[in-house]
Amino acid sequence: MVYMANYVKKTIELDEDALKAVRSIFETKTDKDAVNQALRLVAEEEEIIRSHASLAGKVELDTLFE
């Protein structure tokens, strides 16, 4: 799913070291961009995990890669 930008203003405390790491990983210039990219990644990852879980036991891996 592609998430449309729907921004809300929040005042929160963030882990500064984690934020620095995320900014470095995503190569963002702003904290806002770093946090938004991280949030989108987590949301997308959850969708992937749910999709995989729904396929559990339904796909034979040995035939999948033949």
# chains A, B, ... in the order shown; residues from 1 in each chain; ligands from 1
>>> select_by_dssp(residues="chain A", states="helix (DSSP H, G or I)", output="PyMOL selection string")
chain A and resi 16-26+31-55+61-64
>>> residues_around(residues="range 34-44 of chain A", least_positions_apart="6", cutoff="10 Å", atoms="only C-alpha atoms", output="ChimeraX atom specification")
/A:1-3,5,7,14,19-28
>>> write_last_selection(atoms="N, CA and C atoms", output="mmCIF file, in the first residue's frame")
data_model
loop_
_atom_site.group_PDB
_atom_site.id
_atom_site.type_symbol
_atom_site.label_atom_id
_atom_site.label_comp_id
_atom_site.auth_asym_id
_atom_site.auth_seq_id
_atom_site.Cartn_x
_atom_site.Cartn_y
_atom_site.Cartn_z
ATOM 1 N N MET A 1 0.842 -1.173 0.000
ATOM 2 C CA MET A 1 0.000 0.000 0.000
ATOM 3 C C MET A 1 0.889 1.239 0.000
ATOM 4 N N VAL A 2 0.526 2.195 -0.796
ATOM 5 C CA VAL A 2 1.232 3.465 -0.822
ATOM 6 C C VAL A 2 0.497 4.407 0.118
ATOM 7 N N TYR A 3 1.241 5.041 0.991
ATOM 8 C CA TYR A 3 0.637 5.942 1.958
ATOM 9 C C TYR A 3 0.659 7.368 1.428
ATOM 10 N N ALA A 5 0.443 11.353 1.899
ATOM 11 C CA ALA A 5 0.871 12.274 2.947
ATOM 12 C C ALA A 5 -0.344 12.909 3.599
ATOM 13 N N TYR A 7 -0.341 14.744 7.066
ATOM 14 C CA TYR A 7 0.485 15.112 8.196
ATOM 15 C C TYR A 7 -0.330 15.673 9.351
ATOM 16 N N LEU A 14 11.961 12.016 21.233
ATOM 17 C CA LEU A 14 12.556 10.985 20.395
ATOM 18 C C LEU A 14 13.948 10.635 20.907
ATOM 19 N N LEU A 19 17.448 8.545 16.112
ATOM 20 C CA LEU A 19 17.100 9.488 15.057
ATOM 21 C C LEU A 19 18.302 9.783 14.161
ATOM 22 N N LYS A 20 19.465 9.948 14.766
ATOM 23 C CA LYS A 20 20.687 10.158 13.976
ATOM 24 C C LYS A 20 20.953 8.961 13.067
ATOM 25 N N ALA A 21 20.784 7.757 13.614
ATOM 26 C CA ALA A 21 21.005 6.545 12.826
ATOM 27 C C ALA A 21 20.030 6.472 11.655
ATOM 28 N N VAL A 22 18.779 6.779 11.910
ATOM 29 C CA VAL A 22 17.758 6.730 10.854
ATOM 30 C C VAL A 22 18.044 7.775 9.784
ATOM 31 N N ARG A 23 18.439 8.969 10.199
ATOM 32 C CA ARG A 23 18.783 10.002 9.216
ATOM 33 C C ARG A 23 19.950 9.553 8.350
ATOM 34 N N SER A 24 20.909 8.879 8.945
ATOM 35 C CA SER A 24 22.052 8.377 8.189
ATOM 36 C C SER A 24 21.640 7.268 7.231
ATOM 37 N N ILE A 25 20.833 6.347 7.721
ATOM 38 C CA ILE A 25 20.381 5.215 6.894
ATOM 39 C C ILE A 25 19.608 5.710 5.678
ATOM 40 N N PHE A 26 18.658 6.619 5.901
ATOM 41 C CA PHE A 26 17.818 7.108 4.810
ATOM 42 C C PHE A 26 18.424 8.305 4.083
ATOM 43 N N GLU A 27 19.558 8.791 4.591
ATOM 44 C CA GLU A 27 20.239 9.935 3.999
ATOM 45 C C GLU A 27 19.297 11.134 3.849
ATOM 46 N N THR A 28 18.577 11.428 4.927
ATOM 47 C CA THR A 28 17.656 12.557 4.910
ATOM 48 C C THR A 28 18.320 13.784 5.513
#
>>> atom_distance(atom1="CA of Lys9 in chain A", atom2="CA of Asp33 in chain A")
13.5 Å
